[in-house]
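So the structure is just underneath, and the comments pick up after that.
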Amino acid sequence: MTSPIRTERHGEVLVIISDNPPVNALGAAVRQGLEGAIKEGVADATVEAMVIRCEGRTFFAGADITEFGKPMVEPGLPTVVDMIEASTKPVIAAIHGTALGGGCEVALGCHYRVAVPSAKIGTPEVKLGLLPGAGGTQRLPRIAGVRVALELTAKGDPMPAKKAQEAGLIDRIVGEDSLAADAIAFAREVKAKRPIPRASEREAKPDPEAVAAFQKENARRFRGFDAPAANIACVVKATEAPFAEGIAFERQEFMRLMMGNQSAAQRHIFFAERQAAKIDDVPADTVRRPINRVGVIGAGTMGGGISMNFLSAGIPVTIVEMQQEALDLGTATIRKNYEATAAKGRMKHEQVEAAMAALTPTLDFDALGECDLIIEAVYENMEVKQEIFTRLDTIAKPGAILASNTSYLNIDEIAACTARPQDVVGMHFFSPANVMKLLEVVRGAKTAPDVLATVMDLAKKIRKVAVVAGVTYGFIGNRMLMPRQVEANKLLLEGATPEQIDRVHVAFGMPMGPFQMADLAGVDIGWHRDPNRIENIRDALAAEGRWGQKKQAGFYDYDEKRNPTPSPRVAEIIDEWRAKTDTPQHDVTDEEIIERTLYTMVNEGALILEEGMAQRASDVDVVWIYGYGWPVYRGGPMFWAKTEGYEKVVAGLEKHGFPVARSLKSGTIK
Ligand code: 3HC
């Protein structure tokens, strides 16, 4: 096998080049090649400096995650990084793309770093439940200070080259298209400079205030996760202990995290997210349909949010409404949302204007005739949707993709009213559609493979994580939400309080519990609006105008700042319903809440898989992580069930008399 590492001589400069597509991950062969090349450079008396650079789209994007959990092949990455740093001749990292994780650590082991303007540098290990384990936590604070090291390691977001230069992590920004030559020129400038700057020989100044402030600022973001605290502890250690001691501590913490459930869950999600984009029976090289303009029907909250995704990605949008007033309001809301983003500094003013200029608001339905993809986002009513698709069939151009944003309804029934069911697909965005990362792509019985492939690609372009679902009521996510809701309501009648159920869910790691969610979304959603027809606690709340946060009253009472407190009135209503339904009372334990509201979701997920309504268990996990805020460190419901042990989940379900899905019982979920 040829090595992914080769060397080139440019006079006195040895250039070490990695070519390990797709992202130059630092697998065993790369590490061995690097070790050999550095040895060669050090041993050769005619070499005065070395440059390390990568071919393809990026500098090393990190350790090879697929090797994790397998026996280590020597040399380990820390050894390679130490060896680079120990070189008696200057070594320069030449960075393009993203120098991430182990890639960043290789760069920090180098004595100098040059980068193109578009490059980014970062240590995203924390997002895999880990920490930089090749000296990153010890070298970063020594080069860039505690604050920057904390930002990079504990939050894990990459830093653009310019900012990295200001932080001292990049020595020079070179030409976007002349990295190879500029790095060699830089090497010639520094080849004779002594002493050679080595990060491990520098000191990291303690900064307890920065650490305390950082922890406080990010407390919410870090809630429930193990890795951020470990990253922080390692950075602090760098300011207190000699380098070798810090490295030993880093190693110990890295191994601890690596063996834990959280990192396993987070690594599972990394691959699950990428796997979700693949459709088992649609070849990867399927020719995609060009999408140059998107049409959106409905300028309400959903339609507006959906439009923003495309506008932000530079794809023009035609948005259609029935009434001028609704159209104006929708357009104004889109502008307002963009301007709010700009005010927070997350968007430039020119970008706001460019996005708005790409929007064509109109009352003319026929204008959709020039769109390559048309997404219907009107309210959930089959007749209305069928009427729209019948009309679309007459005006959409041949080959245009016709999508519905329905969150429950049958795509096949919608497709059946067109003469082109092969072009019809579901695109279920989650609210707020411009923020939530999940997109359920609903595959109808007749949806064409190239339609699916096109929509999956487009999802990536608009920065969504797309998951394919089959035609089943509520698709993957909302279908699994149903048993949770049913059980939560029953538990109220049997003796639990909304506070207890929500507390258990929040302690589990969900952003909020079922009743907090109902109050946020609106208790009146889905209500029949007949004050004389009160069939359950929720109807009773809705009939009294307790519609949730917007009315400062729902399952909780709220003050002006929307802080919740338990509601005595709700307790009364629950008591009335307990009496009215003659429900036997018992002490509901937290464990029972988990079993009845979370295990039932796992069970539903297993049924969805058995019915072929999701391609794989990891897709179900992706839906819950990106659509409903399931804690990433538990890896999604199906992964969590495996961690809990299928037997425990089955026993928990059977204890309460639930029929258990076949695949869950036999432990054969895939
Ligand atoms: N190891 C193994 N495979 C990797 C990988 C890695 N570090 N990074 C990406 N890949 C694979 C992906 O799984 C994907 O495979 P597929 O095509 O078979 O699905 C392929 O490379 C392309 O990846 P993306 O689809 O994500 O490509 P993008 O261009 O969208 O993104 C990227 C590129 C920004 C580099 C992104 O892949 C990424 O964020 N990668 C992970 C970076 C990371 O977490 N690095 C730290 C690793 S841990 C570490 O270094 C430990 C050390 O401290 C000891």
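Every chain in the structure tokens takes a letter, A first, then B, and so on in the order presented; its residues are numbered from 1, and the ligands are numbered from 1 following the presented order.
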Please identify every residue of chain A that has at least one atom no farther than 6 Å from an atom of ligand 1, counting only C-alpha atoms and all ligand atoms, and for each give the shortest atom pair and the distance in Å to one decimal, arranged by chain then increasing number, as a Markdown table.
```
| residue | atom | partner | partner_atom_place_in_ligand_line | distance |
| --- | --- | --- | --- | --- |
| A:Pro22 | CA | ligand 1 | 21 (O) | 5.4 |
| A:Val23 | CA | ligand 1 | 21 (O) | 5.6 |
| A:Ala25 | CA | ligand 1 | 7 (N) | 5.1 |
| A:Ala61 | CA | ligand 1 | 35 (C) | 4.8 |
| A:Gly62 | CA | ligand 1 | 50 (O) | 3.7 |
| A:Ala63 | CA | ligand 1 | 50 (O) | 3.7 |
| A:Asp64 | CA | ligand 1 | 1 (N) | 3.5 |
| A:Ile65 | CA | ligand 1 | 1 (N) | 3.9 |
| A:Thr66 | CA | ligand 1 | 2 (C) | 5.3 |
| A:Leu100 | CA | ligand 1 | 45 (N) | 5.1 |
| A:Gly101 | CA | ligand 1 | 50 (O) | 3.8 |
| A:Gly102 | CA | ligand 1 | 50 (O) | 3.7 |
| A:Pro124 | CA | ligand 1 | 44 (O) | 5.1 |
| A:Glu125 | CA | ligand 1 | 46 (C) | 4.9 |
| A:Pro132 | CA | ligand 1 | 53 (O) | 3.4 |
| A:Gly133 | CA | ligand 1 | 54 (C) | 4.1 |
| A:Ala134 | CA | ligand 1 | 54 (C) | 4.9 |
| A:Phe271 | CA | ligand 1 | 13 (O) | 5.8 |
| A:Arg274 | CA | ligand 1 | 19 (O) | 5.0 |
```
Nearby residues (only C-alpha atoms) at most 12 Å from Ala164 (chain A), same-chain spacing under 5 positions excluded, as a PDB file with N, CA, C and O atoms, in the first residue's frame:
```
ATOM      1  N   ILE A  95      -1.600  25.760   6.465  1.00  0.00           N
ATOM      2  CA  ILE A  95      -2.990  25.356   6.716  1.00  0.00           C
ATOM      3  C   ILE A  95      -3.971  25.923   5.690  1.00  0.00           C
ATOM      4  O   ILE A  95      -3.994  27.131   5.425  1.00  0.00           O
ATOM      5  N   ALA A  99      -8.150  23.033  10.137  1.00  0.00           N
ATOM      6  CA  ALA A  99      -7.194  22.290  10.975  1.00  0.00           C
ATOM      7  C   ALA A  99      -7.924  21.990  12.270  1.00  0.00           C
ATOM      8  O   ALA A  99      -8.041  22.846  13.149  1.00  0.00           O
ATOM      9  N   CYS A 104      -5.249  20.316  14.433  1.00  0.00           N
ATOM     10  CA  CYS A 104      -4.848  21.544  15.117  1.00  0.00           C
ATOM     11  C   CYS A 104      -3.637  21.231  16.015  1.00  0.00           C
ATOM     12  O   CYS A 104      -2.691  22.021  16.100  1.00  0.00           O
ATOM     13  N   ARG A 113       3.061  28.571  12.137  1.00  0.00           N
ATOM     14  CA  ARG A 113       1.858  28.226  11.395  1.00  0.00           C
ATOM     15  C   ARG A 113       1.522  29.339  10.412  1.00  0.00           C
ATOM     16  O   ARG A 113       1.446  30.514  10.816  1.00  0.00           O
ATOM     17  N   VAL A 114       1.370  28.974   9.150  1.00  0.00           N
ATOM     18  CA  VAL A 114       0.868  29.933   8.172  1.00  0.00           C
ATOM     19  C   VAL A 114      -0.450  29.370   7.645  1.00  0.00           C
ATOM     20  O   VAL A 114      -0.650  28.157   7.634  1.00  0.00           O
ATOM     21  N   ALA A 115      -1.345  30.271   7.233  1.00  0.00           N
ATOM     22  CA  ALA A 115      -2.669  29.798   6.803  1.00  0.00           C
ATOM     23  C   ALA A 115      -3.216  30.706   5.712  1.00  0.00           C
ATOM     24  O   ALA A 115      -2.866  31.894   5.641  1.00  0.00           O
ATOM     25  N   VAL A 116      -4.092  30.143   4.890  1.00  0.00           N
ATOM     26  CA  VAL A 116      -4.783  30.970   3.894  1.00  0.00           C
ATOM     27  C   VAL A 116      -5.926  31.705   4.612  1.00  0.00           C
ATOM     28  O   VAL A 116      -6.365  31.261   5.684  1.00  0.00           O
ATOM     29  N   PRO A 117      -6.406  32.809   4.035  1.00  0.00           N
ATOM     30  CA  PRO A 117      -7.437  33.599   4.733  1.00  0.00           C
ATOM     31  C   PRO A 117      -8.705  32.803   5.051  1.00  0.00           C
ATOM     32  O   PRO A 117      -9.362  33.043   6.058  1.00  0.00           O
ATOM     33  N   SER A 118      -9.063  31.834   4.210  1.00  0.00           N
ATOM     34  CA  SER A 118     -10.329  31.111   4.440  1.00  0.00           C
ATOM     35  C   SER A 118     -10.174  29.947   5.429  1.00  0.00           C
ATOM     36  O   SER A 118     -11.151  29.272   5.745  1.00  0.00           O
ATOM     37  N   ALA A 119      -8.962  29.725   5.911  1.00  0.00           N
ATOM     38  CA  ALA A 119      -8.755  28.570   6.803  1.00  0.00           C
ATOM     39  C   ALA A 119      -9.406  28.784   8.163  1.00  0.00           C
ATOM     40  O   ALA A 119      -9.673  29.916   8.578  1.00  0.00           O
ATOM     41  N   LYS A 120      -9.650  27.673   8.830  1.00  0.00           N
ATOM     42  CA  LYS A 120     -10.165  27.742  10.204  1.00  0.00           C
ATOM     43  C   LYS A 120      -9.378  26.758  11.046  1.00  0.00           C
ATOM     44  O   LYS A 120      -8.921  25.725  10.558  1.00  0.00           O
ATOM     45  N   ILE A 121      -9.262  27.100  12.319  1.00  0.00           N
ATOM     46  CA  ILE A 121      -8.509  26.232  13.224  1.00  0.00           C
ATOM     47  C   ILE A 121      -9.360  26.006  14.476  1.00  0.00           C
ATOM     48  O   ILE A 121     -10.039  26.925  14.945  1.00  0.00           O
ATOM     49  N   GLY A 122      -9.358  24.789  14.963  1.00  0.00           N
ATOM     50  CA  GLY A 122     -10.191  24.540  16.134  1.00  0.00           C
ATOM     51  C   GLY A 122     -10.007  23.158  16.704  1.00  0.00           C
ATOM     52  O   GLY A 122      -9.361  22.291  16.113  1.00  0.00           O
ATOM     53  N   LEU A 140      -2.359  24.928  23.702  1.00  0.00           N
ATOM     54  CA  LEU A 140      -3.201  26.090  23.374  1.00  0.00           C
ATOM     55  C   LEU A 140      -3.075  27.233  24.381  1.00  0.00           C
ATOM     56  O   LEU A 140      -2.816  28.376  23.985  1.00  0.00           O
ATOM     57  N   ILE A 143       0.160  29.106  24.060  1.00  0.00           N
ATOM     58  CA  ILE A 143       0.340  29.983  22.889  1.00  0.00           C
ATOM     59  C   ILE A 143      -0.660  31.142  22.908  1.00  0.00           C
ATOM     60  O   ILE A 143      -0.309  32.288  22.642  1.00  0.00           O
ATOM     61  N   ALA A 144      -1.926  30.819  23.207  1.00  0.00           N
ATOM     62  CA  ALA A 144      -2.980  31.824  22.996  1.00  0.00           C
ATOM     63  C   ALA A 144      -3.627  32.333  24.278  1.00  0.00           C
ATOM     64  O   ALA A 144      -4.516  33.184  24.223  1.00  0.00           O
ATOM     65  N   GLY A 145      -3.215  31.805  25.416  1.00  0.00           N
ATOM     66  CA  GLY A 145      -3.813  32.265  26.674  1.00  0.00           C
ATOM     67  C   GLY A 145      -5.027  31.426  27.052  1.00  0.00           C
ATOM     68  O   GLY A 145      -5.591  30.707  26.231  1.00  0.00           O
ATOM     69  N   VAL A 148      -8.759  32.065  25.227  1.00  0.00           N
ATOM     70  CA  VAL A 148      -8.897  31.494  23.884  1.00  0.00           C
ATOM     71  C   VAL A 148      -8.892  29.964  23.962  1.00  0.00           C
ATOM     72  O   VAL A 148      -9.677  29.282  23.295  1.00  0.00           O
ATOM     73  N   ALA A 149      -8.019  29.441  24.811  1.00  0.00           N
ATOM     74  CA  ALA A 149      -7.953  27.974  24.940  1.00  0.00           C
ATOM     75  C   ALA A 149      -9.282  27.414  25.435  1.00  0.00           C
ATOM     76  O   ALA A 149      -9.741  26.369  24.963  1.00  0.00           O
ATOM     77  N   GLU A 151     -12.289  28.812  25.043  1.00  0.00           N
ATOM     78  CA  GLU A 151     -13.258  28.954  23.936  1.00  0.00           C
ATOM     79  C   GLU A 151     -13.104  27.805  22.952  1.00  0.00           C
ATOM     80  O   GLU A 151     -14.075  27.183  22.536  1.00  0.00           O
ATOM     81  N   LEU A 152     -11.865  27.565  22.554  1.00  0.00           N
ATOM     82  CA  LEU A 152     -11.639  26.559  21.516  1.00  0.00           C
ATOM     83  C   LEU A 152     -11.917  25.146  22.015  1.00  0.00           C
ATOM     84  O   LEU A 152     -12.580  24.360  21.343  1.00  0.00           O
ATOM     85  N   PRO A 158     -14.751  26.230  15.570  1.00  0.00           N
ATOM     86  CA  PRO A 158     -13.488  26.626  14.947  1.00  0.00           C
ATOM     87  C   PRO A 158     -13.349  28.139  14.821  1.00  0.00           C
ATOM     88  O   PRO A 158     -14.347  28.869  14.810  1.00  0.00           O
ATOM     89  N   MET A 159     -12.113  28.584  14.741  1.00  0.00           N
ATOM     90  CA  MET A 159     -11.836  30.024  14.713  1.00  0.00           C
ATOM     91  C   MET A 159     -11.284  30.380  13.327  1.00  0.00           C
ATOM     92  O   MET A 159     -10.383  29.701  12.826  1.00  0.00           O
ATOM     93  N   LEU A 169      -2.181  32.295  17.266  1.00  0.00           N
ATOM     94  CA  LEU A 169      -2.128  30.903  16.825  1.00  0.00           C
ATOM     95  C   LEU A 169      -1.607  30.757  15.397  1.00  0.00           C
ATOM     96  O   LEU A 169      -1.122  29.704  15.014  1.00  0.00           O
ATOM     97  N   ILE A 170      -1.761  31.814  14.623  1.00  0.00           N
ATOM     98  CA  ILE A 170      -1.262  31.806  13.242  1.00  0.00           C
ATOM     99  C   ILE A 170      -0.196  32.901  13.155  1.00  0.00           C
ATOM    100  O   ILE A 170      -0.411  34.023  13.617  1.00  0.00           O
ATOM    101  N   ASP A 171       0.940  32.554  12.542  1.00  0.00           N
ATOM    102  CA  ASP A 171       2.019  33.544  12.447  1.00  0.00           C
ATOM    103  C   ASP A 171       1.863  34.440  11.226  1.00  0.00           C
ATOM    104  O   ASP A 171       2.220  35.609  11.259  1.00  0.00           O
ATOM    105  N   ARG A 172       1.339  33.866  10.141  1.00  0.00           N
ATOM    106  CA  ARG A 172       1.164  34.705   8.951  1.00  0.00           C
ATOM    107  C   ARG A 172       0.017  34.188   8.111  1.00  0.00           C
ATOM    108  O   ARG A 172      -0.140  32.978   7.945  1.00  0.00           O
ATOM    109  N   ILE A 173      -0.754  35.157   7.581  1.00  0.00           N
ATOM    110  CA  ILE A 173      -1.797  34.776   6.629  1.00  0.00           C
ATOM    111  C   ILE A 173      -1.202  34.964   5.239  1.00  0.00           C
ATOM    112  O   ILE A 173      -0.641  36.029   4.935  1.00  0.00           O
TER     113      ILE A 173
END
```
Worksheet item: With only C-alpha atoms as the atoms that count, which of A:Gly109, A:Pro206, A:Gly300, A:Gly295 lies nearest to Leu327 (chain A)?
Response: A:Gly300
Item to complete: From a DSSP pass on the backbone, collect the residues of region 241-455 of chain A flagged as strand (DSSP E) and hand them back as a PyMOL selection string.
Response: chain A and resi 294-297+317-320+359-362+373-376+401-404+424-429+438-442
Fill in: Long-range neighbours of region 356-362 of chain A as a list in words, 6 Å cut-off, only C-alpha atoms, 3 positions minimum in chain
Pro316, Val317, Thr318, Ile319, Val320 and Glu353 of chain A
Restrict the selected residues to C-alpha atoms and save them as a tab-separated table (two decimals), in the first residue's frame.
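Okay, this is what ended up in part33.tsv:
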```tsv
chain	number	residue	atom	x	y	z
A	316	PRO	CA	-34.05	32.94	-4.87
A	317	VAL	CA	-37.52	32.40	-3.45
A	318	THR	CA	-40.98	33.24	-4.80
A	319	ILE	CA	-43.41	33.39	-1.90
A	320	VAL	CA	-47.14	33.31	-2.58
A	353	GLU	CA	-30.27	43.23	1.74
```
Worksheet entry | Surrounding residues of Ala28 (chain A) excluding itself and chain neighbours under 6 positions, 10 Å, only C-alpha atoms, as a PyMOL selection string | chain A and resi 34+63-64+67+72-77
Worksheet entry | Who sits within 8 Å of region 468-485 of chain A, only C-alpha atoms, same chain under 3 positions skipped, as number ranges by chain | A: 276, 279, 407-412, 440-445, 488-489, 514, 596-598, 600-602, 604-605, 608, 612-615, 619-620, 623-624, 627
Just N, CA and C atoms for this one: save the residues we selected as a compact mmCIF listing (two decimals), in the first residue's frame.
```txt
# COMPACT_ATOMS: atom_id res chain seq x y z
N ALA A 276 -27.38 9.48 7.77
CA ALA A 276 -28.78 9.82 7.48
C ALA A 276 -28.95 10.35 6.06
N ILE A 279 -29.41 7.19 1.19
CA ILE A 279 -30.65 6.44 1.04
C ILE A 279 -30.29 5.09 0.45
N SER A 407 -47.00 17.99 8.67
CA SER A 407 -46.30 17.31 9.76
C SER A 407 -46.98 16.00 10.12
N TYR A 408 -48.13 15.70 9.53
CA TYR A 408 -48.83 14.44 9.83
C TYR A 408 -49.44 13.77 8.60
N LEU A 409 -49.90 14.57 7.64
CA LEU A 409 -50.80 14.02 6.62
C LEU A 409 -50.10 13.12 5.60
N ASN A 410 -50.95 12.33 4.92
CA ASN A 410 -50.48 11.30 4.00
C ASN A 410 -50.03 11.89 2.67
N ILE A 411 -48.74 11.78 2.40
CA ILE A 411 -48.17 12.35 1.17
C ILE A 411 -48.73 11.66 -0.08
N ASP A 412 -49.01 10.37 0.04
CA ASP A 412 -49.53 9.64 -1.13
C ASP A 412 -50.89 10.18 -1.54
N GLU A 440 -37.45 16.37 8.02
CA GLU A 440 -37.90 15.02 7.69
C GLU A 440 -38.31 15.03 6.22
N VAL A 441 -37.68 14.20 5.44
CA VAL A 441 -38.01 14.10 4.02
C VAL A 441 -38.92 12.89 3.86
N VAL A 442 -40.17 13.13 3.49
CA VAL A 442 -41.13 12.04 3.47
C VAL A 442 -41.23 11.45 2.06
N ARG A 443 -40.92 10.17 2.02
CA ARG A 443 -40.86 9.46 0.75
C ARG A 443 -42.21 8.80 0.48
N GLY A 444 -42.89 9.27 -0.54
CA GLY A 444 -44.18 8.67 -0.90
C GLY A 444 -43.95 7.37 -1.65
N ALA A 445 -45.05 6.64 -1.88
CA ALA A 445 -44.93 5.35 -2.57
C ALA A 445 -44.31 5.54 -3.96
N ALA A 488 -48.05 10.90 29.56
CA ALA A 488 -47.89 12.05 30.45
C ALA A 488 -49.25 12.49 30.97
N ASN A 489 -50.26 12.51 30.10
CA ASN A 489 -51.60 12.91 30.52
C ASN A 489 -52.21 11.91 31.50
N PRO A 514 -42.86 17.78 28.78
CA PRO A 514 -44.03 17.82 27.90
C PRO A 514 -44.99 18.97 28.19
N ARG A 596 -42.71 5.09 31.44
CA ARG A 596 -43.95 5.27 30.67
C ARG A 596 -43.87 6.36 29.62
N THR A 597 -43.01 7.35 29.82
CA THR A 597 -42.96 8.41 28.80
C THR A 597 -41.76 8.28 27.87
N LEU A 598 -40.68 7.63 28.31
CA LEU A 598 -39.50 7.52 27.44
C LEU A 598 -39.35 6.12 26.85
N THR A 600 -41.70 4.17 26.20
CA THR A 600 -42.76 4.01 25.19
C THR A 600 -42.34 4.65 23.86
N MET A 601 -41.56 5.70 23.95
CA MET A 601 -41.05 6.32 22.72
C MET A 601 -40.10 5.37 22.00
N VAL A 602 -39.24 4.73 22.79
CA VAL A 602 -38.30 3.76 22.21
C VAL A 602 -39.09 2.64 21.52
N GLU A 604 -42.09 2.79 20.28
CA GLU A 604 -42.68 3.31 19.04
C GLU A 604 -41.61 3.40 17.95
N GLY A 605 -40.42 3.82 18.34
CA GLY A 605 -39.31 3.89 17.38
C GLY A 605 -39.03 2.52 16.79
N ILE A 608 -41.68 1.73 14.26
CA ILE A 608 -41.44 2.51 13.04
C ILE A 608 -40.39 1.80 12.18
N GLY A 612 -40.56 -0.30 8.45
CA GLY A 612 -39.77 0.29 7.36
C GLY A 612 -40.05 1.78 7.15
N MET A 613 -40.54 2.44 8.17
CA MET A 613 -40.85 3.87 8.05
C MET A 613 -39.63 4.75 8.34
N ALA A 614 -38.58 4.13 8.85
CA ALA A 614 -37.28 4.79 8.97
C ALA A 614 -36.26 3.79 8.46
N GLN A 615 -35.17 4.28 7.91
CA GLN A 615 -34.20 3.37 7.30
C GLN A 615 -33.36 2.62 8.33
N ASP A 619 -31.16 6.89 12.30
CA ASP A 619 -31.97 7.98 11.73
C ASP A 619 -32.99 8.47 12.76
N VAL A 620 -33.56 7.53 13.50
CA VAL A 620 -34.54 7.90 14.53
C VAL A 620 -33.83 8.78 15.57
N VAL A 623 -33.38 12.30 14.30
CA VAL A 623 -34.64 13.07 14.37
C VAL A 623 -34.82 13.67 15.76
N TRP A 624 -34.59 12.85 16.78
CA TRP A 624 -34.84 13.35 18.13
C TRP A 624 -33.79 14.33 18.63
N GLY A 627 -34.51 17.53 16.11
CA GLY A 627 -35.86 18.07 16.01
C GLY A 627 -36.49 18.38 17.35
```
Item to complete: Could you tell me, as a ChimeraX atom specification, which residues of region 394-463 of chain A DSSP assigns to alpha helix (DSSP H) when given the backbone?
Response: /A:394-395,411-415,449-461
For the residues selected in the previous step, produce a file with C-alpha atoms as a compact mmCIF listing (two decimals), in the first residue's frame.
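Saved result, result25.txt, follows:
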```txt
# COMPACT_ATOMS: atom_id res chain seq x y z
CA THR A 394 -51.43 22.58 -13.95
CA ILE A 395 -48.86 25.36 -13.56
CA ILE A 411 -48.17 12.35 1.17
CA ASP A 412 -49.53 9.64 -1.13
CA GLU A 413 -53.03 11.08 -0.88
CA ILE A 414 -51.63 14.50 -1.70
CA ALA A 415 -49.59 13.10 -4.60
CA PRO A 449 -35.19 8.48 -6.57
CA ASP A 450 -33.74 11.62 -8.15
CA VAL A 451 -36.31 13.74 -6.30
CA LEU A 452 -35.16 12.26 -3.02
CA ALA A 453 -31.48 12.66 -3.88
CA THR A 454 -32.05 16.27 -4.93
CA VAL A 455 -33.90 17.15 -1.74
CA MET A 456 -31.29 15.46 0.48
CA ASP A 457 -28.53 17.46 -1.24
CA LEU A 458 -30.46 20.65 -0.99
CA ALA A 459 -30.98 20.04 2.72
CA LYS A 460 -27.22 20.04 3.22
CA LYS A 461 -26.93 23.25 1.22
```
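What separates CA of Gly635 (chain A) from CA of Leu520 (chain A) is a distance of 24.9 Å.
The nearest approach to Leu150 (chain A) among the residues A:Gln422, A:Thr98, A:Asn231, A:Gln324, with only C-alpha atoms taken into account, belongs to A:Asn231.
Of the residues listed (A:Gln323, A:Thr333, A:Cys371, A:Glu610), A:Cys371 shows the shortest atom-to-atom separation from Val296 (chain A); distances use only C-alpha atoms.
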Response to the item:
One residue among A:Ile297, A:Ile462, A:Ala617, A:Ala185 is nearest to Val384 (chain A) when using only C-alpha atoms, and that residue is A:Ile297
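The coordinates place CA of Ile388 (chain A) at 14.8 Å from CA of Ala299 (chain A).
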Closest pair table for region 522-552 of chain A residues within 9 Å of region 565-589 of chain A, only C-alpha atoms, as JSON lines:
```
{"residue": "A:Asn536", "atom": "CA", "partner": "A:Trp577", "partner_atom": "CA", "distance": 7.5}
{"residue": "A:Ile537", "atom": "CA", "partner": "A:Ile574", "partner_atom": "CA", "distance": 6.5}
{"residue": "A:Ala540", "atom": "CA", "partner": "A:Ile573", "partner_atom": "CA", "distance": 7.4}
{"residue": "A:Leu541", "atom": "CA", "partner": "A:Val570", "partner_atom": "CA", "distance": 7.7}
```
